[in-house]
$ cat protein09.csv   # CSV, C-alpha atoms
chain,number,residue,atom,x,y,z
A,1,MET,CA,-32.7,65.0,-67.7
A,2,ARG,CA,-31.4,61.5,-68.4
A,3,PRO,CA,-28.4,60.3,-66.6
A,4,HIS,CA,-25.3,59.8,-68.7
A,5,LEU,CA,-24.0,56.3,-68.3
A,6,VAL,CA,-20.3,55.6,-69.1
A,7,GLN,CA,-19.5,52.3,-70.5
A,8,VAL,CA,-16.8,50.7,-68.3
A,9,THR,CA,-14.4,48.9,-70.6
A,10,ALA,CA,-11.8,46.4,-69.4
A,11,ASP,CA,-9.1,49.1,-70.1
A,12,ARG,CA,-11.0,51.7,-68.1
A,13,GLU,CA,-11.6,49.3,-65.2
A,14,ARG,CA,-7.9,48.5,-65.1
A,15,ALA,CA,-7.0,52.2,-65.2
A,16,ILE,CA,-9.4,52.9,-62.3
A,17,ARG,CA,-8.1,50.0,-60.2
A,18,ALA,CA,-4.5,51.2,-60.9
A,19,ALA,CA,-5.3,54.7,-59.8
A,20,ALA,CA,-7.0,53.5,-56.7
A,21,ALA,CA,-4.0,51.3,-55.8
A,22,ALA,CA,-1.6,54.2,-56.4
A,23,LEU,CA,-3.7,56.4,-54.1
A,24,LEU,CA,-3.8,53.7,-51.4
A,25,ASP,CA,0.0,53.3,-51.6
A,26,ALA,CA,0.5,57.1,-51.3
A,27,VAL,CA,-1.7,57.3,-48.3
A,28,ALA,CA,0.0,54.4,-46.6
A,29,GLU,CA,3.4,55.9,-47.4
A,30,ARG,CA,2.4,59.3,-45.9
A,31,ALA,CA,1.0,57.6,-42.8
A,32,ALA,CA,4.2,55.7,-42.3
A,33,LEU,CA,6.2,59.0,-42.0
A,34,THR,CA,6.8,60.5,-38.6
A,35,PRO,CA,5.2,63.9,-38.1
A,36,ARG,CA,8.6,65.5,-38.4
A,37,GLU,CA,9.4,63.7,-41.7
A,38,ALA,CA,6.0,64.6,-43.1
A,39,ALA,CA,6.4,68.2,-42.1
A,40,GLU,CA,9.9,68.4,-43.7
A,41,ALA,CA,8.4,66.9,-46.9
A,42,ALA,CA,5.5,69.3,-46.9
A,43,PHE,CA,7.5,72.5,-46.2
A,44,TYR,CA,8.2,75.0,-48.9
A,45,PRO,CA,9.2,78.7,-48.6
A,46,GLY,CA,6.0,80.7,-48.2
A,47,HIS,CA,4.1,77.8,-46.7
A,48,PRO,CA,1.0,79.2,-44.9
A,49,LEU,CA,2.0,77.7,-41.6
A,50,GLY,CA,5.4,79.3,-41.9
A,51,SER,CA,7.8,76.7,-40.5
A,52,VAL,CA,8.5,73.0,-40.3
A,53,GLU,CA,7.8,73.1,-36.6
A,54,ALA,CA,4.3,74.6,-37.2
A,55,ILE,CA,3.5,72.0,-39.8
A,56,GLU,CA,4.7,69.2,-37.5
A,57,ALA,CA,2.4,70.5,-34.8
A,58,GLU,CA,-0.5,70.6,-37.2
A,59,ILE,CA,0.2,67.1,-38.4
A,60,THR,CA,0.5,65.8,-34.8
A,61,ALA,CA,-2.8,67.5,-33.8
A,62,ARG,CA,-4.6,66.0,-36.9
A,63,ARG,CA,-3.3,62.5,-36.2
A,64,GLU,CA,-4.4,62.7,-32.6
A,65,GLN,CA,-7.8,63.9,-33.6
A,66,GLU,CA,-8.1,61.1,-36.2
A,67,ARG,CA,-7.2,58.5,-33.6
A,68,ALA,CA,-9.8,59.9,-31.2
A,69,GLN,CA,-12.6,59.6,-33.8
A,70,PRO,CA,-14.2,56.2,-34.7
A,71,ALA,CA,-13.2,54.8,-38.0
A,72,GLU,CA,-15.7,55.5,-40.8
A,73,LEU,CA,-16.2,53.6,-44.0
A,74,PRO,CA,-16.1,55.5,-47.2
A,75,LEU,CA,-19.5,56.2,-48.7
A,76,ALA,CA,-18.9,53.9,-51.6
A,77,ALA,CA,-18.2,50.9,-49.3
$ encode --input "protein09.csv" --output "structure tokens"
Amino acid sequence: MRPHLVQVTADRERAIRAAAAALLDAVAERAALTPREAAEAAFYPGHPLGSVEAIEAEITARREQERAQPAELPLAA
């Protein structure tokens, strides 16, 4: 089976770069929120965690876990 190569045109490259930049901006914006702000933004009726407080606790625990782990580079880096 031959690999299918996609020609990367200038327009496609610009679109990929714009999408990557938007993703980085969104991640940075989310990281700038306090756990409470992030929990309030994430909550909706019927959320599996049930309350803003439970979401906030989950966010806090995940952030602490991320800080405890050494930083890893993405596989593409």
$ closest_residue --input "protein09.csv" --among "A:Ala54, A:Ala61, A:Ala15, A:Ala26" --to "A:Ala39" --atoms "only C-alpha atoms"
A:Ala54
$ residues_around --input "protein09.csv" --residues "stretch 40-45 of chain A" --least-positions-apart "6" --cutoff "10 Å" --atoms "all atoms listed in the file" --output "ChimeraX atom specification"
/A:30,33-34,51-56
$ write_last_selection --input "protein09.csv" --atoms "C-alpha atoms" --output "compact mmCIF listing (two decimals), keeping the file's coordinate frame"
# COMPACT_ATOMS: atom_id res chain seq x y z
CA ARG A 30 2.40 59.30 -45.90
CA LEU A 33 6.20 59.00 -42.00
CA THR A 34 6.80 60.50 -38.60
CA SER A 51 7.80 76.70 -40.50
CA VAL A 52 8.50 73.00 -40.30
CA GLU A 53 7.80 73.10 -36.60
CA ALA A 54 4.30 74.60 -37.20
CA ILE A 55 3.50 72.00 -39.80
CA GLU A 56 4.70 69.20 -37.50
$ atom_distance --input "protein09.csv" --atom1 "atom CA of A:Ala28" --atom2 "atom CA of A:Arg63"
13.6 Å
$ closest_residue --input "protein09.csv" --among "A:Ala31, A:Leu49, A:Leu24, A:Ala18" --to "A:Glu66" --atoms "all atoms listed in the file"
A:Ala31
$ atom_distance --input "protein09.csv" --atom1 "atom CA of A:His47" --atom2 "atom CA of A:Ile59"
14.1 Å
$ atom_distance --input "protein09.csv" --atom1 "atom CA of A:Gly46" --atom2 "atom CA of A:Thr60"
20.8 Å
